[in-house]
file start.pdb (PDB, C-alpha atoms)
ATOM      1  CA  MET A   1      77.279-104.660  27.988
ATOM      2  CA  ASN A   2      80.223-102.737  26.546
ATOM      3  CA  GLN A   3      82.394-105.727  26.988
ATOM      4  CA  SER A   4      80.039-108.047  25.222
ATOM      5  CA  LEU A   5      79.848-105.512  22.462
ATOM      6  CA  VAL A   6      83.605-105.316  22.200
ATOM      7  CA  LYS A   7      83.823-109.110  22.157
ATOM      8  CA  PHE A   8      81.214-109.384  19.547
ATOM      9  CA  ALA A   9      83.081-106.793  17.464
ATOM     10  CA  SER A  10      86.396-108.588  17.763
ATOM     11  CA  GLU A  11      84.866-111.890  16.756
ATOM     12  CA  SER A  12      83.423-110.316  13.830
ATOM     13  CA  SER A  13      86.836-109.089  12.674
ATOM     14  CA  GLU A  14      87.932-112.732  11.776
ATOM     15  CA  VAL A  15      87.999-113.994   8.145
ATOM     16  CA  PRO A  16      84.510-113.965   6.689
ATOM     17  CA  SER A  17      82.694-117.108   5.317
ATOM     18  CA  GLY A  18      79.221-117.859   4.108
ATOM     19  CA  ILE A  19      77.312-114.619   4.217
ATOM     20  CA  GLY A  20      80.549-113.004   5.128
ATOM     21  CA  ALA A  21      81.776-113.832   1.677
ATOM     22  CA  LEU A  22      79.199-111.478   0.299
ATOM     23  CA  GLY A  23      80.730-108.720   2.338
ATOM     24  CA  LEU A  24      78.035-108.797   4.952
ATOM     25  CA  ASN A  25      78.811-109.100   8.615
ATOM     26  CA  LEU A  26      76.066-111.111  10.167
ATOM     27  CA  LYS A  27      76.802-110.273  13.701
ATOM     28  CA  GLY A  28      77.302-106.680  12.905
ATOM     29  CA  LEU A  29      74.066-106.753  11.013
ATOM     30  CA  ILE A  30      72.238-108.325  13.834
ATOM     31  CA  PHE A  31      73.830-105.969  16.226
ATOM     32  CA  GLN A  32      72.873-103.016  14.100
ATOM     33  CA  PHE A  33      69.440-104.458  13.695
ATOM     34  CA  ILE A  34      69.025-104.796  17.429
ATOM     35  CA  THR A  35      70.430-101.352  17.913
ATOM     36  CA  PHE A  36      68.074-100.051  15.326
ATOM     37  CA  VAL A  37      65.155-101.785  16.985
ATOM     38  CA  LEU A  38      66.171-100.478  20.412
ATOM     39  CA  VAL A  39      66.572 -96.995  19.090
ATOM     40  CA  LEU A  40      63.305 -97.357  17.312
ATOM     41  CA  LEU A  41      61.614 -98.547  20.472
ATOM     42  CA  VAL A  42      63.113 -95.752  22.460
ATOM     43  CA  LEU A  43      62.142 -93.262  19.870
ATOM     44  CA  LYS A  44      58.745 -94.783  19.565
ATOM     45  CA  ARG A  45      58.204 -94.701  23.256
ATOM     46  CA  TYR A  46      59.696 -91.370  24.142
ATOM     47  CA  VAL A  47      60.326 -89.303  21.099
ATOM     48  CA  PHE A  48      57.810 -90.173  18.425
ATOM     49  CA  PRO A  49      54.683 -89.439  20.476
ATOM     50  CA  LYS A  50      56.007 -86.099  21.484
ATOM     51  CA  LEU A  51      57.270 -85.456  18.010
ATOM     52  CA  VAL A  52      54.088 -86.586  16.460
ATOM     53  CA  GLU A  53      52.184 -84.569  19.002
ATOM     54  CA  THR A  54      54.281 -81.562  18.306
ATOM     55  CA  LEU A  55      53.977 -82.072  14.581
ATOM     56  CA  GLU A  56      50.312 -82.653  14.971
ATOM     57  CA  ASN A  57      49.952 -79.505  17.038
ATOM     58  CA  ARG A  58      51.966 -77.667  14.513
ATOM     59  CA  ARG A  59      49.823 -79.074  11.753
ATOM     60  CA  ILE A  60      46.727 -78.108  13.614
ATOM     61  CA  THR A  61      48.122 -74.695  14.274
ATOM     62  CA  LEU A  62      49.125 -74.355  10.662
ATOM     63  CA  GLU A  63      45.725 -75.528   9.555
ATOM     64  CA  LYS A  64      44.121 -73.095  11.945
ATOM     65  CA  SER A  65      46.371 -70.364  10.707
ATOM     66  CA  LEU A  66      45.572 -71.296   7.144
ATOM     67  CA  ALA A  67      41.908 -71.317   7.903
ATOM     68  CA  GLN A  68      42.219 -67.991   9.674
ATOM     69  CA  ALA A  69      44.230 -66.639   6.846
ATOM     70  CA  LYS A  70      41.575 -67.825   4.450
ATOM     71  CA  GLU A  71      38.896 -66.258   6.575
ATOM     72  CA  THR A  72      40.903 -63.107   6.825
ATOM     73  CA  GLU A  73      41.428 -63.110   3.113
ATOM     74  CA  GLN A  74      37.729 -63.638   2.593
ATOM     75  CA  ALA A  75      36.867 -60.919   5.034
ATOM     76  CA  LEU A  76      39.363 -58.654   3.373
ATOM     77  CA  ALA A  77      37.864 -59.414  -0.007
ATOM     78  CA  GLU A  78      34.382 -58.774   1.382
ATOM     79  CA  ALA A  79      35.553 -55.574   3.008
ATOM     80  CA  GLN A  80      37.133 -54.502  -0.241
ATOM     81  CA  ASN A  81      33.967 -55.289  -2.097
ATOM     82  CA  LYS A  82      31.958 -53.394   0.467
ATOM     83  CA  ALA A  83      34.349 -50.485   0.301
ATOM     84  CA  GLU A  84      34.063 -50.483  -3.459
ATOM     85  CA  GLU A  85      30.325 -50.614  -3.215
ATOM     86  CA  ILE A  86      30.311 -47.776  -0.704
ATOM     87  CA  LEU A  87      32.623 -45.765  -2.907
ATOM     88  CA  LYS A  88      30.436 -46.462  -5.889
ATOM     89  CA  GLN A  89      27.351 -45.433  -4.001
ATOM     90  CA  ALA A  90      29.092 -42.319  -2.729
ATOM     91  CA  ARG A  91      30.114 -41.422  -6.286
ATOM     92  CA  GLN A  92      26.565 -41.976  -7.445
ATOM     93  CA  ASP A  93      25.218 -39.863  -4.599
ATOM     94  CA  ALA A  94      27.730 -37.148  -5.354
ATOM     95  CA  ASP A  95      26.751 -37.197  -9.020
ATOM     96  CA  GLN A  96      23.110 -37.030  -8.100
ATOM     97  CA  THR A  97      23.715 -34.181  -5.691
ATOM     98  CA  LEU A  98      25.707 -32.334  -8.348
ATOM     99  CA  ARG A  99      22.954 -32.855 -10.885
ATOM    100  CA  GLU A 100      20.342 -31.640  -8.426
ATOM    101  CA  ALA A 101      22.469 -28.630  -7.498
ATOM    102  CA  LYS A 102      22.949 -27.764 -11.168
ATOM    103  CA  SER A 103      19.263 -28.149 -11.783
ATOM    104  CA  SER A 104      18.390 -25.973  -8.765
ATOM    105  CA  ALA A 105      20.905 -23.369  -9.867
ATOM    106  CA  ALA A 106      19.424 -23.357 -13.358
ATOM    107  CA  VAL A 107      15.930 -22.954 -11.921
ATOM    108  CA  ALA A 108      17.083 -20.154  -9.601
ATOM    109  CA  ILE A 109      18.837 -18.398 -12.474
ATOM    110  CA  ALA A 110      15.800 -18.721 -14.707
ATOM    111  CA  ASP A 111      13.584 -17.429 -11.931
ATOM    112  CA  ALA A 112      15.884 -14.485 -11.247
ATOM    113  CA  GLU A 113      15.985 -13.702 -14.974
ATOM    114  CA  ALA A 114      12.206 -13.800 -15.177
ATOM    115  CA  GLN A 115      11.913 -11.519 -12.151
ATOM    116  CA  ALA A 116      14.447  -9.116 -13.609
ATOM    117  CA  ALA A 117      12.631  -9.094 -16.945
ATOM    118  CA  LYS A 118       9.319  -8.464 -15.197
ATOM    119  CA  ARG A 119      10.794  -5.667 -13.108
ATOM    120  CA  SER A 120      12.435  -4.037 -16.088
ATOM    121  CA  ALA A 121       9.186  -4.274 -18.060
ATOM    122  CA  TYR A 122       7.368  -2.644 -15.126
ATOM    123  CA  ILE A 123       9.986   0.109 -14.927
ATOM    124  CA  VAL A 124       9.708   0.714 -18.666
ATOM    125  CA  GLU A 125       5.921   0.789 -18.434
ATOM    126  CA  GLU A 126       6.005   3.251 -15.537
ATOM    127  CA  ALA A 127       8.506   5.397 -17.360
ATOM    128  CA  GLU A 128       6.298   5.388 -20.470
ATOM    129  CA  LYS A 129       3.276   6.299 -18.372
ATOM    130  CA  LYS A 130       5.119   9.175 -16.736
ATOM    131  CA  LEU A 131       6.420  10.272 -20.093
ATOM    132  CA  SER A 132       2.970  10.329 -21.654
ATOM    133  CA  GLN A 133       1.599  12.172 -18.615
ATOM    134  CA  HIS A 134       4.379  14.695 -18.860
ATOM    135  CA  LYS A 135       3.780  14.985 -22.588
ATOM    136  CA  ALA A 136       0.063  15.570 -22.056
ATOM    137  CA  LYS A 137       0.828  18.195 -19.425
ATOM    138  CA  LEU A 138       3.314  19.901 -21.721
ATOM    139  CA  GLN A 139       0.830  19.819 -24.591
ATOM    140  CA  SER A 140      -1.841  21.361 -22.397
ATOM    141  CA  GLU A 141       0.542  24.071 -21.256
ATOM    142  CA  LEU A 142       1.636  24.717 -24.821
ATOM    143  CA  ARG A 143      -1.955  24.898 -25.936
ATOM    144  CA  GLY A 144      -2.638  27.459 -23.242
ATOM    145  CA  GLU A 145       0.420  29.467 -24.213
ATOM    146  CA  LEU A 146      -0.546  29.264 -27.847
ATOM    147  CA  ALA A 147      -4.094  30.378 -27.094
ATOM    148  CA  SER A 148      -2.744  33.326 -25.125
ATOM    149  CA  LEU A 149      -0.361  34.253 -27.920
ATOM    150  CA  VAL A 150      -3.091  33.971 -30.535
ATOM    151  CA  ALA A 151      -5.433  36.083 -28.412
ATOM    152  CA  GLU A 152      -2.731  38.675 -27.891
ATOM    153  CA  ALA A 153      -1.842  38.741 -31.561
ATOM    154  CA  THR A 154      -5.494  38.949 -32.515
ATOM    155  CA  SER A 155      -6.114  41.800 -30.118
ATOM    156  CA  LYS A 156      -3.122  43.661 -31.526
ATOM    157  CA  VAL A 157      -4.361  43.137 -35.068
ATOM    158  CA  LEU A 158      -7.909  44.119 -34.110
ATOM    159  CA  GLY A 159      -6.610  47.162 -32.298
ATOM    160  CA  GLU A 160      -5.012  48.264 -35.533
ATOM    161  CA  LYS A 161      -7.705  47.154 -37.932
ATOM    162  CA  VAL A 162     -10.960  48.095 -36.203
ATOM    163  CA  ASP A 163     -11.928  51.635 -37.102
ATOM    164  CA  ALA A 164     -15.093  53.575 -36.319
ATOM    165  CA  LYS A 165     -16.928  52.053 -39.265
ATOM    166  CA  LYS A 166     -15.965  48.517 -38.335
ATOM    167  CA  ASP A 167     -16.822  49.281 -34.708
ATOM    168  CA  LYS A 168     -20.309  50.381 -35.749
ATOM    169  CA  GLU A 169     -20.795  47.085 -37.569
ATOM    170  CA  VAL A 170     -19.561  45.170 -34.540
ATOM    171  CA  ILE A 171     -21.965  47.003 -32.228
ATOM    172  CA  ASP A 172     -24.899  46.450 -34.592
ATOM    173  CA  LYS A 173     -24.134  42.751 -34.856
ATOM    174  CA  ALA A 174     -23.714  42.388 -31.082
ATOM    175  CA  LEU A 175     -27.013  44.101 -30.337
ATOM    176  CA  ALA A 176     -28.795  42.023 -32.969
ATOM    177  CA  GLU A 177     -27.307  38.850 -31.507
ATOM    178  CA  VAL A 178     -28.590  39.647 -28.015
ATOM    179  CA  ASN A 179     -32.011  40.622 -29.303
ATOM    180  CA  LYS A 180     -32.458  37.195 -30.980
TER     181      LYS A 180
ATOM    182  CA  MET B   1     -29.649  57.446  17.348
ATOM    183  CA  LYS B   2     -31.129  54.683  15.253
ATOM    184  CA  SER B   3     -30.217  55.110  11.582
ATOM    185  CA  VAL B   4     -32.476  54.492   8.613
ATOM    186  CA  SER B   5     -31.227  51.909   6.138
ATOM    187  CA  ARG B   6     -29.947  52.987   2.755
ATOM    188  CA  ARG B   7     -32.593  50.932   1.028
ATOM    189  CA  LEU B   8     -35.364  52.772   2.844
ATOM    190  CA  LEU B   9     -33.725  56.099   2.069
ATOM    191  CA  ALA B  10     -33.464  55.115  -1.597
ATOM    192  CA  ARG B  11     -37.103  54.064  -1.688
ATOM    193  CA  HIS B  12     -38.070  57.342  -0.083
ATOM    194  CA  ALA B  13     -36.063  59.218  -2.699
ATOM    195  CA  VAL B  14     -37.674  57.277  -5.547
ATOM    196  CA  ASN B  15     -41.140  57.965  -4.197
ATOM    197  CA  TYR B  16     -40.258  61.632  -4.108
ATOM    198  CA  ILE B  17     -39.015  61.533  -7.723
ATOM    199  CA  GLN B  18     -42.178  59.697  -8.830
ATOM    200  CA  SER B  19     -44.378  62.249  -7.100
ATOM    201  CA  ASP B  20     -42.625  64.982  -9.060
ATOM    202  CA  SER B  21     -43.135  67.267  -6.118
ATOM    203  CA  PRO B  22     -41.381  70.674  -6.022
ATOM    204  CA  ASP B  23     -40.828  70.217  -2.300
ATOM    205  CA  ARG B  24     -37.085  70.084  -1.630
ATOM    206  CA  SER B  25     -37.408  68.895   1.945
ATOM    207  CA  VAL B  26     -37.102  65.214   1.032
ATOM    208  CA  PRO B  27     -33.663  65.425  -0.499
ATOM    209  CA  LYS B  28     -32.568  67.726   2.311
ATOM    210  CA  GLY B  29     -33.930  65.284   4.844
ATOM    211  CA  ILE B  30     -32.054  62.422   3.262
ATOM    212  CA  ALA B  31     -28.850  64.455   3.272
ATOM    213  CA  ALA B  32     -29.420  65.405   6.905
ATOM    214  CA  GLU B  33     -29.976  61.766   7.820
ATOM    215  CA  LEU B  34     -26.686  60.809   6.301
ATOM    216  CA  LEU B  35     -24.856  63.615   8.053
ATOM    217  CA  ALA B  36     -26.507  63.004  11.390
ATOM    218  CA  THR B  37     -25.648  59.324  11.372
ATOM    219  CA  GLY B  38     -22.109  59.953  10.165
ATOM    220  CA  ARG B  39     -22.649  58.207   6.860
ATOM    221  CA  ARG B  40     -21.396  60.956   4.609
ATOM    222  CA  GLY B  41     -19.152  58.490   2.806
ATOM    223  CA  GLU B  42     -22.183  56.405   1.791
ATOM    224  CA  LEU B  43     -23.535  59.087  -0.520
ATOM    225  CA  GLU B  44     -22.214  57.398  -3.669
ATOM    226  CA  LEU B  45     -23.682  54.128  -2.535
ATOM    227  CA  LEU B  46     -27.028  55.770  -1.835
ATOM    228  CA  VAL B  47     -27.051  57.210  -5.350
ATOM    229  CA  LYS B  48     -26.480  53.700  -6.722
ATOM    230  CA  ASP B  49     -29.276  52.397  -4.515
ATOM    231  CA  ILE B  50     -31.600  55.074  -5.858
ATOM    232  CA  GLU B  51     -30.643  54.146  -9.424
ATOM    233  CA  ALA B  52     -31.315  50.501  -8.638
ATOM    234  CA  GLU B  53     -34.706  51.360  -7.176
ATOM    235  CA  LEU B  54     -35.581  53.437 -10.216
ATOM    236  CA  GLU B  55     -34.560  50.549 -12.479
ATOM    237  CA  ALA B  56     -36.557  48.082 -10.415
ATOM    238  CA  THR B  57     -39.676  50.225 -10.701
ATOM    239  CA  GLY B  58     -39.163  50.534 -14.437
ATOM    240  CA  GLN B  59     -39.246  54.266 -14.376
ATOM    241  CA  LEU B  60     -35.719  55.084 -15.340
ATOM    242  CA  VAL B  61     -32.497  53.212 -16.002
ATOM    243  CA  VAL B  62     -29.191  54.973 -15.522
ATOM    244  CA  GLY B  63     -25.988  53.568 -16.808
ATOM    245  CA  LYS B  64     -22.651  53.877 -18.585
ATOM    246  CA  VAL B  65     -21.612  52.617 -22.006
ATOM    247  CA  TYR B  66     -17.934  51.949 -22.681
ATOM    248  CA  CYS B  67     -16.772  51.814 -26.285
ATOM    249  CA  ARG B  68     -13.701  52.339 -28.452
ATOM    250  CA  TYR B  69     -15.176  54.978 -30.632
ATOM    251  CA  LEU B  70     -18.041  57.277 -29.745
ATOM    252  CA  PRO B  71     -21.115  55.902 -31.577
ATOM    253  CA  SER B  72     -23.123  58.097 -33.870
ATOM    254  CA  PRO B  73     -26.360  59.593 -32.497
ATOM    255  CA  ASP B  74     -28.342  56.948 -34.355
ATOM    256  CA  GLN B  75     -26.342  54.175 -32.871
ATOM    257  CA  GLN B  76     -26.527  55.741 -29.435
ATOM    258  CA  ALA B  77     -30.285  55.730 -29.797
ATOM    259  CA  GLU B  78     -30.118  52.053 -30.747
ATOM    260  CA  VAL B  79     -28.178  51.302 -27.609
ATOM    261  CA  ILE B  80     -30.598  53.275 -25.471
ATOM    262  CA  ASN B  81     -33.548  51.433 -26.995
ATOM    263  CA  PHE B  82     -31.786  48.158 -26.388
ATOM    264  CA  VAL B  83     -31.323  48.976 -22.699
ATOM    265  CA  LYS B  84     -34.917  50.114 -22.353
ATOM    266  CA  ALA B  85     -36.140  46.894 -23.949
ATOM    267  CA  GLN B  86     -33.924  44.729 -21.771
ATOM    268  CA  THR B  87     -34.825  46.438 -18.483
ATOM    269  CA  GLY B  88     -38.420  47.214 -19.319
ATOM    270  CA  SER B  89     -37.882  50.845 -18.367
ATOM    271  CA  ALA B  90     -39.712  53.767 -19.859
ATOM    272  CA  LYS B  91     -36.642  55.925 -19.910
ATOM    273  CA  ALA B  92     -32.884  55.355 -20.125
ATOM    274  CA  GLU B  93     -30.073  57.765 -19.451
ATOM    275  CA  LEU B  94     -26.739  56.418 -20.625
ATOM    276  CA  GLU B  95     -23.320  58.012 -20.501
ATOM    277  CA  PHE B  96     -21.082  56.999 -23.430
ATOM    278  CA  ILE B  97     -17.400  56.741 -22.454
ATOM    279  CA  THR B  98     -14.550  55.895 -24.824
ATOM    280  CA  ASP B  99     -11.916  53.404 -23.690
ATOM    281  CA  SER B 100      -8.903  52.547 -25.852
ATOM    282  CA  LYS B 101      -8.584  49.146 -24.181
ATOM    283  CA  ILE B 102     -11.803  48.031 -25.846
ATOM    284  CA  LEU B 103     -11.067  46.469 -29.223
ATOM    285  CA  GLY B 104     -14.567  46.880 -30.533
ATOM    286  CA  GLY B 105     -18.218  46.724 -29.520
ATOM    287  CA  VAL B 106     -19.762  48.076 -26.310
ATOM    288  CA  ASN B 107     -19.837  47.301 -22.593
ATOM    289  CA  ILE B 108     -23.100  48.515 -20.979
ATOM    290  CA  GLU B 109     -23.432  48.810 -17.193
ATOM    291  CA  THR B 110     -26.531  49.840 -15.274
ATOM    292  CA  ALA B 111     -27.275  49.805 -11.561
ATOM    293  CA  THR B 112     -28.351  46.166 -11.558
ATOM    294  CA  ARG B 113     -27.279  44.678 -14.882
ATOM    295  CA  SER B 114     -24.492  44.656 -17.449
ATOM    296  CA  TRP B 115     -23.975  43.549 -21.045
ATOM    297  CA  ASP B 116     -20.427  42.952 -22.294
ATOM    298  CA  LEU B 117     -20.722  43.005 -26.077
ATOM    299  CA  THR B 118     -17.053  43.753 -26.721
ATOM    300  CA  LEU B 119     -14.589  41.913 -28.909
ATOM    301  CA  ASN B 120     -12.438  41.572 -25.781
ATOM    302  CA  ARG B 121     -14.959  39.248 -24.248
ATOM    303  CA  THR B 122     -15.254  37.202 -27.422
ATOM    304  CA  LEU B 123     -11.485  36.839 -27.612
ATOM    305  CA  GLY B 124     -11.372  35.830 -23.949
ATOM    306  CA  ARG B 125     -13.962  33.140 -24.529
ATOM    307  CA  LEU B 126     -12.046  31.818 -27.548
ATOM    308  CA  LYS B 127      -8.878  31.740 -25.469
ATOM    309  CA  THR B 128     -10.592  29.762 -22.695
ATOM    310  CA  MET B 129     -12.120  27.349 -25.202
ATOM    311  CA  ALA B 130      -8.714  26.810 -26.859
ATOM    312  CA  LYS B 131      -7.100  26.081 -23.443
ATOM    313  CA  GLU B 132      -9.798  23.613 -22.508
ATOM    314  CA  MET B 133      -9.648  21.744 -25.812
ATOM    315  CA  ASN B 134      -8.151  18.167 -25.634
TER     316      ASN B 134
END
call {"tool": "encode", "arguments": {"input": "start.pdb", "output": "structure tokens"}}
result
Amino acid sequence: MNQSLVKFASESSEVPSGIGALGLNLKGLIFQFITFVLVLLVLKRYVFPKLVETLENRRITLEKSLAQAKETEQALAEAQNKAEEILKQARQDADQTLREAKSSAAVAIADAEAQAAKRSAYIVEEAEKKLSQHKAKLQSELRGELASLVAEATSKVLGEKVDAKKDKEVIDKALAEVNK
Amino acid sequence: MKSVSRRLLARHAVNYIQSDSPDRSVPKGIAAELLATGRRGELELLVKDIEAELEATGQLVVGKVYCRYLPSPDQQAEVINFVKAQTGSAKAELEFITDSKILGGVNIETATRSWDLTLNRTLGRLKTMAKEMN
């Protein structure tokens, strides 16, 4: 084969005519064409299927990867949305809890204030009661003391003022009073 | 020895006084009874019992009158008449005693009754009323 090729090549190196005048080497062209076809056939038989298969596999793999990536992206987006929703809900719950806690605290404070006011009013009332009782007791004691002082003063005055004449009048009046 | 009660002795004495008998054996017997039963110390009490019996029978009332100044005879007679009227007795023998603690008026005590007509009592009542006032 090599020899025929060499021969063909040497023949083709002679002075061109016809198509050769155009600068084209017919034999070389045919030779190249055959070579091309042979290579093509070889490639087609042995290389292209595998290549195509490989490319196809790669394409499939890429498509799968793309699809997976898309799915992953979707899932990620969904997860993000869910996370946002959860966060939102959690914030809402926290706000609600805070509001409720504030409200409960306000109620507890108001209740404690009311209790304290009630207790202080009771203490004041009790203190006033005790005070008035003490006052009444003091007044009674003072009245007694005063009565004793008045009686003592009166007896002193009478002791000085009542003479025999006055005494006679007193006795007469007393006897008349009993005889009534 | 069983003793005779003071009340019986007093009644016996009053009967003797009412009888106006000159016999002195009754008072002697009463004295002997007291001595025999060892009740010498009850003599004062027996005298008071006799006075009470006399007052109860309306024969005689014996008592004491406490006053600041000794009343005049007229006023003493008034007091005696008062006691006789109050006790219903025919006779009254009262001893008038002065007491400086009495502010005025009289305090009459007999064997069974008393009348406090003194200014002291009036003052005391006023004092009590003033203490009880609200």
call {"tool": "closest_atom_pairs", "arguments": {"input": "start.pdb", "of": "segment 5-65 of chain B", "to": "segment 75-85 of chain B", "cutoff": "12 Å", "atoms": "all atoms listed in the file", "output": "Markdown table"}}
result
| residue | atom | partner | partner_atom | distance |
| --- | --- | --- | --- | --- |
| B:Glu55 | CA | B:Lys84 | CA | 9.9 |
| B:Gly58 | CA | B:Lys84 | CA | 9.0 |
| B:Gln59 | CA | B:Lys84 | CA | 10.0 |
| B:Leu60 | CA | B:Lys84 | CA | 8.6 |
| B:Val61 | CA | B:Lys84 | CA | 7.5 |
| B:Val62 | CA | B:Val83 | CA | 9.6 |
| B:Gly63 | CA | B:Val83 | CA | 9.2 |
| B:Lys64 | CA | B:Ile80 | CA | 10.5 |
| B:Val65 | CA | B:Val79 | CA | 8.7 |
call {"tool": "atom_distance", "arguments": {"input": "start.pdb", "atom1": "atom CA of Pro71 of chain B", "atom2": "atom CA of Thr98 of chain B"}}
result
9.4 Å
call {"tool": "closest_atom_pairs", "arguments": {"input": "start.pdb", "of": "chain B", "to": "chain A", "cutoff": "8 Å", "atoms": "only C-alpha atoms", "output": "Markdown table"}}
result
| residue | atom | partner | partner_atom | distance |
| --- | --- | --- | --- | --- |
| B:Arg68 | CA | A:Asp167 | CA | 7.6 |
| B:Tyr69 | CA | A:Ala164 | CA | 5.9 |
| B:Pro71 | CA | A:Lys168 | CA | 7.0 |
| B:Gln75 | CA | A:Lys168 | CA | 7.7 |
| B:Val79 | CA | A:Leu175 | CA | 7.8 |
| B:Phe82 | CA | A:Leu175 | CA | 7.4 |
| B:Leu103 | CA | A:Gly159 | CA | 5.5 |
| B:Gly104 | CA | A:Asp167 | CA | 5.3 |
| B:Gly105 | CA | A:Ile171 | CA | 4.6 |
| B:Val106 | CA | A:Ile171 | CA | 6.4 |
| B:Leu117 | CA | A:Ala174 | CA | 5.9 |
| B:Asn120 | CA | A:Ser155 | CA | 7.7 |
| B:Leu123 | CA | A:Ala151 | CA | 6.2 |
| B:Gly124 | CA | A:Ala151 | CA | 7.4 |
| B:Leu126 | CA | A:Ala151 | CA | 7.9 |
| B:Lys127 | CA | A:Ala147 | CA | 5.2 |
| B:Thr128 | CA | A:Ala147 | CA | 7.9 |
| B:Ala130 | CA | A:Ala147 | CA | 5.8 |
| B:Lys131 | CA | A:Gly144 | CA | 4.7 |
| B:Asn134 | CA | A:Ser140 | CA | 7.8 |
call {"tool": "residues_around", "arguments": {"input": "start.pdb", "residues": "segment 21-34 of chain B", "least_positions_apart": "4", "cutoff": "9 Å", "atoms": "only C-alpha atoms", "output": "list of chain:residue names"}}
result
B:Ser3, B:Val4, B:Leu9, B:Ala10, B:His12, B:Ala13, B:Tyr16, B:Ile17, B:Gly38, B:Arg39, B:Arg40, B:Gly41, B:Glu42, B:Leu43
call {"tool": "closest_residue", "arguments": {"input": "start.pdb", "among": "B:Glu109, B:Asp99, B:Asp49, B:Glu93", "to": "Cys67 of chain B", "atoms": "only C-alpha atoms"}}
result
B:Asp99
call {"tool": "atom_distance", "arguments": {"input": "start.pdb", "atom1": "atom CA of Arg6 of chain B", "atom2": "atom CA of Leu45 of chain B"}}
result
8.3 Å
call {"tool": "atom_distance", "arguments": {"input": "start.pdb", "atom1": "atom CA of Gly88 of chain B", "atom2": "atom CA of Arg113 of chain B"}}
result
12.3 Å
call {"tool": "decode", "arguments": {"input": "start.pdb", "residues": "segment 111-128 of chain B", "atoms": "C-alpha atoms", "output": "mmCIF file, in the first residue's frame"}}
result
data_model
loop_
_atom_site.group_PDB
_atom_site.id
_atom_site.type_symbol
_atom_site.label_atom_id
_atom_site.label_comp_id
_atom_site.auth_asym_id
_atom_site.auth_seq_id
_atom_site.Cartn_x
_atom_site.Cartn_y
_atom_site.Cartn_z
ATOM 1 C CA ALA B 111 -80.532 49.675 165.536
ATOM 2 C CA THR B 112 -82.230 48.655 162.299
ATOM 3 C CA ARG B 113 -82.318 51.723 160.065
ATOM 4 C CA SER B 114 -80.313 54.745 158.965
ATOM 5 C CA TRP B 115 -80.926 58.039 157.178
ATOM 6 C CA ASP B 116 -77.977 59.838 155.574
ATOM 7 C CA LEU B 117 -79.191 63.395 155.054
ATOM 8 C CA THR B 118 -75.727 64.935 154.813
ATOM 9 C CA LEU B 119 -74.274 67.132 152.110
ATOM 10 C CA ASN B 120 -71.511 64.522 151.813
ATOM 11 C CA ARG B 121 -73.957 62.029 150.429
ATOM 12 C CA THR B 122 -75.410 64.548 148.002
ATOM 13 C CA LEU B 123 -71.943 65.434 146.748
ATOM 14 C CA GLY B 124 -71.108 61.745 146.374
ATOM 15 C CA ARG B 125 -74.214 61.172 144.299
ATOM 16 C CA LEU B 126 -73.392 64.160 142.079
ATOM 17 C CA LYS B 127 -69.878 62.820 141.621
ATOM 18 C CA THR B 128 -71.182 59.387 140.591
#
